[in-house]
file entry-v9.cif (mmCIF, C-alpha atoms)
data_input
loop_
_atom_site.label_atom_id
_atom_site.label_comp_id
_atom_site.auth_asym_id
_atom_site.auth_seq_id
_atom_site.Cartn_x
_atom_site.Cartn_y
_atom_site.Cartn_z
CA MET A 1 100.25 110.64 114.95
CA SER A 2 103.40 112.03 116.33
CA ASP A 3 105.74 109.05 116.17
CA SER A 4 106.30 105.56 114.91
CA GLY A 5 104.83 104.03 118.04
CA ASP A 6 101.54 105.81 117.43
CA THR A 7 101.56 104.62 113.84
CA LEU A 8 102.05 100.95 114.68
CA LYS A 9 99.64 100.99 117.63
CA LEU A 10 96.87 101.95 115.25
CA ARG A 11 96.91 98.44 113.75
CA ILE A 12 95.76 99.45 110.28
CA ASP A 13 95.93 96.97 107.41
CA LEU A 14 95.27 98.84 104.18
CA ALA A 15 96.77 95.99 102.16
CA ALA A 16 93.99 93.63 103.25
CA ALA A 17 91.39 96.32 102.58
CA LEU A 18 92.86 96.93 99.14
CA GLU A 19 92.62 93.23 98.32
CA ARG A 20 88.92 93.37 99.20
CA CYS A 21 88.64 96.19 96.67
CA SER A 22 90.32 94.02 94.00
CA GLY A 23 93.43 96.21 94.06
CA ASP A 24 91.51 99.33 93.02
CA ILE A 25 93.08 102.28 94.87
CA GLU A 26 90.31 104.68 93.88
CA LEU A 27 87.63 102.31 95.16
CA LEU A 28 89.56 101.86 98.41
CA SER A 29 89.76 105.63 98.81
CA GLN A 30 86.03 106.00 98.29
CA VAL A 31 85.07 103.18 100.66
CA VAL A 32 87.43 104.21 103.47
CA SER A 33 86.50 107.90 103.25
CA GLU A 34 82.80 107.09 103.37
CA THR A 35 83.26 104.68 106.28
CA LEU A 36 85.20 107.14 108.43
CA GLU A 37 82.97 110.09 107.57
CA LYS A 38 79.82 108.13 108.38
CA ALA A 39 81.24 107.00 111.71
CA LYS A 40 82.24 110.54 112.70
CA ASN A 41 79.28 112.53 111.37
CA GLU A 42 76.39 110.10 111.75
CA GLN A 43 77.02 107.07 113.92
CA ILE A 44 78.98 108.57 116.83
CA PRO A 45 76.42 111.41 117.34
CA LYS A 46 73.61 108.84 117.32
CA ILE A 47 75.45 106.70 119.86
CA LYS A 48 75.88 109.74 122.13
CA THR A 49 72.19 110.56 121.90
CA ALA A 50 71.26 106.95 122.60
CA LEU A 51 73.61 106.84 125.58
CA GLU A 52 71.97 109.92 127.06
CA GLY A 53 68.61 108.16 126.73
CA GLY A 54 69.89 104.85 128.03
CA ASP A 55 69.02 103.12 124.76
CA ALA A 56 71.39 100.13 124.69
CA LYS A 57 69.70 98.62 121.64
CA GLU A 58 70.37 101.74 119.53
CA ILE A 59 73.99 101.92 120.72
CA HIS A 60 74.44 98.24 119.84
CA PHE A 61 73.12 98.83 116.33
CA HIS A 62 75.59 101.61 115.50
CA ALA A 63 78.59 100.20 117.40
CA HIS A 64 78.12 96.86 115.65
CA SER A 65 77.96 98.65 112.28
CA ILE A 66 81.18 100.58 112.99
CA LYS A 67 82.88 97.37 114.13
CA GLY A 68 82.10 95.57 110.88
CA ALA A 69 82.76 98.45 108.49
CA SER A 70 86.08 99.41 110.07
CA ALA A 71 87.28 95.79 110.02
CA THR A 72 86.41 95.54 106.33
CA THR A 73 88.40 98.69 105.54
CA GLY A 74 91.46 97.55 107.49
CA PHE A 75 91.07 99.76 110.58
CA ASP A 76 91.42 96.94 113.09
CA CYS A 77 92.07 99.29 116.00
CA LEU A 78 88.75 101.07 115.49
CA SER A 79 86.95 97.76 115.02
CA LYS A 80 88.36 96.48 118.31
CA ALA A 81 87.29 99.63 120.16
CA ALA A 82 83.80 99.41 118.67
CA LYS A 83 83.61 95.75 119.67
CA GLY A 84 84.30 96.68 123.28
CA LEU A 85 81.30 98.99 123.31
CA ASP A 86 79.17 96.59 121.31
CA ASP A 87 79.90 93.67 123.64
CA LEU A 88 78.85 95.72 126.64
CA VAL A 89 75.56 97.14 125.38
CA LYS A 90 74.28 94.07 123.59
CA GLY A 91 73.67 92.66 127.06
CA GLY A 92 71.14 95.44 127.58
CA THR A 93 73.13 97.72 129.85
CA CYS A 94 74.64 101.17 129.27
CA GLU A 95 76.54 101.21 132.55
CA GLY A 96 80.24 101.69 131.81
CA ALA A 97 79.60 102.65 128.19
CA GLN A 98 80.94 106.22 128.41
CA PRO A 99 84.67 105.37 128.67
CA LEU A 100 84.29 102.78 125.91
CA LEU A 101 82.65 105.39 123.69
CA GLN A 102 85.47 107.82 124.44
CA ALA A 103 88.04 105.17 123.54
CA MET A 104 86.25 104.49 120.27
CA GLU A 105 86.13 108.22 119.47
CA SER A 106 89.85 108.51 120.16
CA GLU A 107 90.64 105.61 117.84
CA LEU A 108 88.39 107.10 115.18
CA GLU A 109 90.16 110.46 115.29
CA SER A 110 93.54 108.73 115.01
CA CYS A 111 92.30 106.70 112.04
CA ILE A 112 90.94 109.82 110.35
CA GLU A 113 94.30 111.57 110.76
CA TYR A 114 96.14 108.49 109.49
CA TRP A 115 93.90 108.35 106.43
CA ARG A 116 94.25 112.09 105.81
CA ARG A 117 98.04 111.73 105.73
CA HIS A 118 97.83 108.65 103.53
CA GLU A 119 95.63 110.40 100.97
CA GLU A 120 97.79 113.51 101.03
CA CYS A 121 100.95 111.48 100.49
CA MET A 122 99.42 109.50 97.64
CA ALA A 123 98.29 112.71 95.95
CA ASN A 124 101.73 114.31 96.36
CA GLY A 125 103.48 111.22 95.01
CA LEU A 126 101.21 111.14 91.99
CA GLU A 127 101.81 114.83 91.38
CA ARG A 128 105.58 114.27 91.43
CA CYS A 129 105.06 111.70 88.66
CA GLY A 130 103.17 114.20 86.53
CA GLU A 131 99.81 112.54 87.39
CA ASP A 132 101.04 109.42 85.59
CA LYS A 133 99.39 106.65 87.65
CA GLU A 134 101.23 103.85 85.90
CA LEU A 135 104.62 105.46 86.55
CA PHE A 136 103.76 106.21 90.17
CA GLN A 137 102.64 102.63 90.80
CA GLN A 138 105.68 101.19 89.05
CA ILE A 139 108.09 103.29 91.12
CA SER A 140 106.21 102.63 94.34
CA LYS A 141 106.13 98.87 93.82
CA GLU A 142 109.85 98.75 93.05
CA MET A 143 110.69 100.87 96.08
CA ALA A 144 108.45 98.96 98.49
CA GLU A 145 109.16 95.43 97.29
CA ASP A 146 112.87 95.61 96.39
CA ILE A 147 114.78 98.78 97.20
CA MET A 148 113.59 99.49 100.75
CA PRO A 149 114.02 95.88 102.00
CA SER A 150 117.57 95.99 100.60
CA GLN A 151 118.22 99.29 102.40
CA LEU A 152 116.97 97.76 105.64
CA GLU A 153 119.43 94.90 105.20
CA SER A 154 122.23 97.45 104.87
CA ILE A 155 121.10 99.14 108.07
CA GLU A 156 121.06 95.82 109.91
CA ALA A 157 124.55 94.94 108.65
CA ALA A 158 125.90 98.29 109.85
CA LEU A 159 124.11 97.84 113.17
CA ALA A 160 125.68 94.40 113.64
CA GLU A 161 129.09 96.03 113.23
CA GLY A 162 128.18 98.84 115.64
CA ASP A 163 128.79 101.35 112.86
CA ALA A 164 126.58 104.27 113.85
CA GLU A 165 127.82 106.44 110.98
CA ASN A 166 126.72 103.94 108.35
CA VAL A 167 123.46 103.25 110.16
CA ALA A 168 122.72 106.97 109.95
CA GLN A 169 123.70 107.08 106.28
CA PHE A 170 121.56 104.09 105.28
CA ALA A 171 118.67 105.35 107.40
CA MET A 172 118.82 108.63 105.52
CA GLN A 173 118.70 106.74 102.20
CA LEU A 174 115.70 104.75 103.42
CA THR A 175 113.96 107.97 104.44
CA GLU A 176 114.62 109.45 101.00
CA ALA A 177 113.16 106.33 99.36
CA ALA A 178 110.08 106.52 101.57
CA GLU A 179 109.64 110.19 100.76
CA THR A 180 109.84 109.39 97.04
CA ILE A 181 106.68 107.31 97.28
CA ARG A 182 105.23 109.46 100.05
CA GLY A 183 105.56 106.84 102.80
CA ALA A 184 104.87 109.11 105.76
CA ALA A 185 104.41 106.27 108.25
CA LEU A 186 107.76 104.73 107.29
CA CYS A 187 109.48 108.10 107.64
CA ASP A 188 108.02 108.29 111.16
CA CYS A 189 109.46 104.85 111.92
CA VAL A 190 112.94 105.64 110.62
CA LYS A 191 113.28 109.01 112.34
CA PRO A 192 114.06 107.68 115.87
CA LEU A 193 116.73 105.35 114.45
CA SER A 194 118.31 108.19 112.50
CA GLU A 195 118.42 110.35 115.62
CA ALA A 196 119.91 107.53 117.69
CA ALA A 197 122.57 106.80 115.07
CA GLU A 198 123.49 110.46 114.77
CA SER A 199 123.96 110.61 118.54
CA GLY A 200 126.12 107.49 118.39
CA ASP A 201 123.85 105.52 120.73
CA LEU A 202 122.54 102.34 119.09
CA SER A 203 121.61 100.55 122.32
CA GLY A 204 117.87 100.80 121.65
CA ALA A 205 118.03 100.22 117.90
CA LYS A 206 116.62 96.68 117.73
CA PRO A 207 112.97 97.53 118.49
CA MET A 208 113.25 100.47 116.09
CA ILE A 209 114.42 98.08 113.37
CA GLU A 210 111.41 95.84 114.00
CA LEU A 211 109.01 98.76 113.61
CA ILE A 212 110.71 99.69 110.35
CA ARG A 213 110.55 96.10 109.14
CA LEU A 214 106.82 95.87 109.89
CA GLU A 215 106.09 99.09 108.03
CA ILE A 216 108.16 98.03 105.01
CA GLU A 217 106.30 94.71 104.94
CA HIS A 218 103.04 96.61 105.17
CA MET A 219 104.00 98.89 102.29
CA GLY A 220 105.18 95.93 100.22
CA ALA A 221 101.88 94.11 100.79
CA PHE A 222 99.92 97.22 99.92
CA TRP A 223 101.68 97.84 96.61
CA ALA A 224 101.64 94.13 95.76
CA ALA A 225 97.85 94.26 96.09
CA VAL A 226 97.48 97.22 93.71
CA GLU A 227 96.03 96.24 90.36
CA ASP A 228 98.17 96.93 87.30
CA PRO A 229 96.85 99.93 85.32
CA ASP A 230 96.78 97.88 82.09
CA GLU A 231 94.62 95.12 83.55
#
call {"tool": "encode", "arguments": {"input": "entry-v9.cif", "output": "structure tokens"}}
result
Amino acid sequence: MSDSGDTLKLRIDLAAALERCSGDIELLSQVVSETLEKAKNEQIPKIKTALEGGDAKEIHFHAHSIKGASATTGFDCLSKAAKGLDDLVKGGTCEGAQPLLQAMESELESCIEYWRRHEECMANGLERCGEDKELFQQISKEMAEDIMPSQLESIEAALAEGDAENVAQFAMQLTEAAETIRGAALCDCVKPLSEAAESGDLSGAKPMIELIRLEIEHMGAFWAAVEDPDE
């Protein structure tokens, strides 16, 4: 995922998936990893073989499975792509299935890359806290629920005044906060705003702010759903 647009287009809701796992991050990691690996290494190859043989029933079975499993784990974009293929073949035809399969594969690869970055960031954040899970979760919750929303408010106030210098300064502080808890997706969202502010051109800042707001809300929901280590 090269930019914030790619990140948001993925439509991934890990907070909802985490709630289904009762706030257990380790369980979420296991379930998501298994779901994506199964789709890539087992189900997609079987769909390709079935498509070559014109077996709509077999394609329906695996596409339907991917649709349900990816929705459960929060990967709504993959679920939607799988639904497109599933809706076609459950009528008994394979005609037109190839582009839908390609679209589903593309979404799957994007989801796998998103998840790889998420896991890497979580591991790095935990390492920075000396492998102290309680400390990492405490810091992350405070950052996501309190500090970063406050920083966004500062950015919006500076933007309202047309103060590009302060927008750049507050955007840098928000990036540093995101990096502290390894929020790669948020860093991706803030980067275009930082570049615009540094150039002095804030004309396209509003949609950038909305992307940042959505990602902060997503991070806040995710960390709010995490179970407390003592419970």
call {"tool": "residues_around", "arguments": {"input": "entry-v9.cif", "residues": "Gln173 in chain A", "least_positions_apart": "4", "cutoff": "10 Å", "atoms": "all atoms listed in the file", "output": "mmCIF file with C-alpha atoms, in the coordinates of the input"}}
result
data_model
loop_
_atom_site.group_PDB
_atom_site.id
_atom_site.type_symbol
_atom_site.label_atom_id
_atom_site.label_comp_id
_atom_site.auth_asym_id
_atom_site.auth_seq_id
_atom_site.Cartn_x
_atom_site.Cartn_y
_atom_site.Cartn_z
ATOM 1 C CA MET A 148 113.590 99.490 100.750
ATOM 2 C CA GLN A 151 118.220 99.290 102.400
ATOM 3 C CA LEU A 152 116.970 97.760 105.640
ATOM 4 C CA ILE A 155 121.100 99.140 108.070
ATOM 5 C CA VAL A 167 123.460 103.250 110.160
ATOM 6 C CA ALA A 168 122.720 106.970 109.950
ATOM 7 C CA GLN A 169 123.700 107.080 106.280
ATOM 8 C CA ALA A 177 113.160 106.330 99.360
ATOM 9 C CA ALA A 178 110.080 106.520 101.570
ATOM 10 C CA GLU A 179 109.640 110.190 100.760
#
call {"tool": "resolve_selection", "arguments": {"input": "entry-v9.cif", "expression": "the PyMOL selection byres ((chain A and resi 51) around 12)", "output": "NGL selection string"}}
result
:A and (44-50 or 52-60 or 62-63 or 85 or 89 or 92-102)
call {"tool": "closest_residue", "arguments": {"input": "entry-v9.cif", "among": "A:Cys187, A:Ala82, A:Leu18, A:Leu202", "to": "Gly68 in chain A", "atoms": "only C-alpha atoms"}}
result
A:Ala82
call {"tool": "resolve_selection", "arguments": {"input": "entry-v9.cif", "expression": "the PyMOL selection byres ((chain A and resi 20-31) around 12)", "output": "compact mmCIF listing (two decimals) with C-alpha atoms, in the frame of the given file"}}
result
# COMPACT_ATOMS: atom_id res chain seq x y z
CA ASP A 13 95.93 96.97 107.41
CA LEU A 14 95.27 98.84 104.18
CA ALA A 15 96.77 95.99 102.16
CA ALA A 16 93.99 93.63 103.25
CA ALA A 17 91.39 96.32 102.58
CA LEU A 18 92.86 96.93 99.14
CA GLU A 19 92.62 93.23 98.32
CA VAL A 32 87.43 104.21 103.47
CA SER A 33 86.50 107.90 103.25
CA GLU A 34 82.80 107.09 103.37
CA THR A 35 83.26 104.68 106.28
CA LEU A 36 85.20 107.14 108.43
CA GLU A 37 82.97 110.09 107.57
CA LYS A 38 79.82 108.13 108.38
CA ALA A 69 82.76 98.45 108.49
CA SER A 70 86.08 99.41 110.07
CA ALA A 71 87.28 95.79 110.02
CA THR A 72 86.41 95.54 106.33
CA THR A 73 88.40 98.69 105.54
CA GLY A 74 91.46 97.55 107.49
CA TRP A 115 93.90 108.35 106.43
CA ARG A 116 94.25 112.09 105.81
CA HIS A 118 97.83 108.65 103.53
CA GLU A 119 95.63 110.40 100.97
CA GLU A 120 97.79 113.51 101.03
CA MET A 122 99.42 109.50 97.64
CA ALA A 123 98.29 112.71 95.95
CA LYS A 133 99.39 106.65 87.65
CA GLN A 137 102.64 102.63 90.80
CA ALA A 221 101.88 94.11 100.79
CA PHE A 222 99.92 97.22 99.92
CA TRP A 223 101.68 97.84 96.61
CA ALA A 224 101.64 94.13 95.76
CA ALA A 225 97.85 94.26 96.09
CA VAL A 226 97.48 97.22 93.71
CA GLU A 227 96.03 96.24 90.36
CA ASP A 228 98.17 96.93 87.30
CA PRO A 229 96.85 99.93 85.32
CA GLU A 231 94.62 95.12 83.55
call {"tool": "residues_around", "arguments": {"input": "entry-v9.cif", "residues": "Gly200 in chain A", "least_positions_apart": "4", "cutoff": "9 Å", "atoms": "all atoms listed in the file", "output": "list of chain:residue names"}}
result
A:Asp163, A:Ala164, A:Glu165, A:Glu195, A:Ala196
call {"tool": "atom_distance", "arguments": {"input": "entry-v9.cif", "atom1": "CA of His64 in chain A", "atom2": "CA of Asp86 in chain A"}}
result
5.8 Å
call {"tool": "atom_distance", "arguments": {"input": "entry-v9.cif", "atom1": "CA of Ile139 in chain A", "atom2": "CA of Leu174 in chain A"}}
result
14.5 Å
call {"tool": "residues_around", "arguments": {"input": "entry-v9.cif", "residues": "Pro149 in chain A", "least_positions_apart": "5", "cutoff": "10 Å", "atoms": "all atoms listed in the file", "output": "PyMOL selection string"}}
result
chain A and resi 143-144+154-155+174+212-213+216-217+220
call {"tool": "atom_distance", "arguments": {"input": "entry-v9.cif", "atom1": "CA of Pro192 in chain A", "atom2": "CA of Met208 in chain A"}}
result
7.3 Å
call {"tool": "closest_residue", "arguments": {"input": "entry-v9.cif", "among": "A:Tyr114, A:Ala158, A:Cys189, A:Met172", "to": "Leu214 in chain A", "atoms": "only C-alpha atoms"}}
result
A:Cys189
